[in-house]
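Structure first, then comments.
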Amino acid sequence: MSQDQVMLVAIAVLLLALAGSGWTIAVLRARNRRLRDERDQLLVRLERPSSSLPVQAASFALRTAVGTAVRVRDQGVGGFLTSSIEEWTGIALADRTEIDKVAAPDGTVTIFFSDIVDSTALNERIGDEQWVSLLSAHDKVIRKHVVARHGHVVKSQGDGFMVAFGDPAEALRAALAMQRGLARARGRVLRRTPVEVRMGLHTGHAIEREGDYFGRNVAMAARVASQAVGGEILVSEPVHDDVLDDFGFGTPRTLELKGFPGEHVLWPVTSLD
């Protein structure tokens, strides 16, 4: 092959490469245009209060579209296709707040508060070392039944717990199991020093921020718990009305609750029906 022929072949190869590059750029530009259109449509839908698309799903879809564009740009089509399903699932789960994970389909949560009655006096009587052992045994019982009933421990402060459940019936089953577990404790510490725990539950919407829950319904649950006596499970009217057919209740109490106008009916839980 002559030098001129070699030169012509080299030019032909270069032209083919440039054409292929141009085709690739054109494909990516078209894909990016489609992604931008999808992003704009999603943002419009997010701004509509009446949209039937859940905000979390829209947010995830938007990030998925943007992530797809970046992956295609950086790794090519092959890199995008080899993404694992676990990776995408992880992204979806990471976007969900704790409330989303436990909330009922209507977005409500059942907030559960508990604490040990007269804990300061009990600590003083038994001493710090035994008190810490007692708290550890108590915490083990509480957490065991939270997990068993698919609840979420929002926080634990000293001798008390704040827990969230999606289903008020499951929350009450957990509370009853906790009271039985504490009363029939097999561990030496709880047998030697029995504790009385009061519990209160209320259902409603709440706001989650940095792992904690806020709002009037959280405050209401705390007020309900404060009205319970040792060993008692007390619930607000919304919880009572939701699970009336599945549980037994004692005589209701009509009380004023600090910070909430009017009177409120609270129900002591007696047993499973």
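In the structure tokens, the first chain shown is A, the next is B, and so on; residue numbers restart at 1 for each chain, and ligands run from 1 in the order shown.
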
Legend entry - Contact residues around stretch 219-221 of chain A with only C-alpha atoms at 6 Å, ignoring same-chain residues under 2 positions, as a ChimeraX atom specification: /A:201-202,216-217,223-224

Inset, instruction - Mind listing the helix (DSSP H, G or I) residues of stretch 81-263 of chain A, per DSSP on the backbone, as number ranges by chain? - result: A: 81, 85-94, 98-102, 119-126, 128-148, 168-183, 188-192, 216-226, 237-243

Inset, instruction - Record the distance separating atom CA of A:Ala183 and atom CA of A:Ser114, expressed in Å with one decimal. - result: 15.0 Å

Inset, instruction - Tell me, as number ranges by chain, which residues lie within 12 Å of A:Ala174, counting only C-alpha atoms; anything in the same chain fewer than 3 positions away does not count. - result: A: 110, 112, 114, 141-152, 163-165, 167-171, 177-181, 199, 201, 233, 271-272

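The neighbours of A:Thr254 here are the residues that come within 7 Å of it, using only C-alpha atoms and leaving out any residue fewer than 4 positions away in the same chain; they are Glu263, His264, Val265 and Leu266 of chain A.
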
Keeping only N, CA, C and O atoms, write the selected residues as an mmCIF file, in the first residue's frame.
data_model
loop_
_atom_site.group_PDB
_atom_site.id
_atom_site.type_symbol
_atom_site.label_atom_id
_atom_site.label_comp_id
_atom_site.auth_asym_id
_atom_site.auth_seq_id
_atom_site.Cartn_x
_atom_site.Cartn_y
_atom_site.Cartn_z
ATOM 1 N N GLU A 263 -62.362 20.058 77.676
ATOM 2 C CA GLU A 263 -62.172 18.802 78.385
ATOM 3 C C GLU A 263 -61.936 17.673 77.394
ATOM 4 O O GLU A 263 -62.412 17.715 76.247
ATOM 5 N N HIS A 264 -61.225 16.660 77.864
ATOM 6 C CA HIS A 264 -60.848 15.550 76.987
ATOM 7 C C HIS A 264 -61.153 14.229 77.677
ATOM 8 O O HIS A 264 -60.894 14.056 78.871
ATOM 9 N N VAL A 265 -61.677 13.292 76.897
ATOM 10 C CA VAL A 265 -62.031 11.980 77.424
ATOM 11 C C VAL A 265 -60.872 11.024 77.203
ATOM 12 O O VAL A 265 -60.413 10.840 76.063
ATOM 13 N N LEU A 266 -60.400 10.438 78.288
ATOM 14 C CA LEU A 266 -59.298 9.477 78.230
ATOM 15 C C LEU A 266 -59.798 8.125 78.720
ATOM 16 O O LEU A 266 -60.588 8.050 79.667
#

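Across the model, the gap from atom CA of A:Ala175 to atom CA of A:Asn123 is 23.7 Å.
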
Skipping near chain neighbours, those fewer than 3 positions away, what residues fall within 12 Å of A:Arg253 using only C-alpha atoms, listed as a PDB file with C-alpha atoms, in the first residue's frame?
ATOM      1  CA  VAL A 224     -52.262  11.661  78.161  1.00  0.00           C
ATOM      2  CA  GLN A 227     -52.545  11.415  83.562  1.00  0.00           C
ATOM      3  CA  ALA A 228     -51.923   7.661  83.834  1.00  0.00           C
ATOM      4  CA  LEU A 234     -54.300   5.446  79.046  1.00  0.00           C
ATOM      5  CA  VAL A 235     -55.414   6.416  75.538  1.00  0.00           C
ATOM      6  CA  SER A 236     -57.019   9.428  73.912  1.00  0.00           C
ATOM      7  CA  GLU A 237     -60.424   9.312  72.250  1.00  0.00           C
ATOM      8  CA  PHE A 249     -61.599  -0.426  78.266  1.00  0.00           C
ATOM      9  CA  GLY A 250     -62.391   0.757  81.758  1.00  0.00           C
ATOM     10  CA  GLU A 256     -58.548  19.113  81.385  1.00  0.00           C
ATOM     11  CA  LEU A 257     -55.118  18.830  79.790  1.00  0.00           C
ATOM     12  CA  GLU A 263     -62.172  18.802  78.385  1.00  0.00           C
ATOM     13  CA  HIS A 264     -60.848  15.550  76.987  1.00  0.00           C
ATOM     14  CA  VAL A 265     -62.031  11.980  77.424  1.00  0.00           C
ATOM     15  CA  LEU A 266     -59.298   9.477  78.230  1.00  0.00           C
ATOM     16  CA  TRP A 267     -59.758   5.722  78.353  1.00  0.00           C
ATOM     17  CA  PRO A 268     -57.844   3.177  80.482  1.00  0.00           C
ATOM     18  CA  VAL A 269     -57.042  -0.027  78.595  1.00  0.00           C
TER      19      VAL A 269
END

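Atom CA of A:Ala121 sits 28.4 Å away from atom CA of A:Leu172.
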
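Residues surrounding A:Ser133 within 9 Å are Asp128, His138 and Val189 of chain A [only C-alpha atoms; sequence separation below 5 positions excluded].
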
Could you save the residues just selected, with C-alpha atoms, as a compact mmCIF listing (two decimals), in the first residue's frame?
# COMPACT_ATOMS: atom_id res chain seq x y z
CA ASP A 128 -27.11 4.58 91.46
CA HIS A 138 -36.61 -2.10 81.95
CA VAL A 189 -33.11 -7.10 88.88
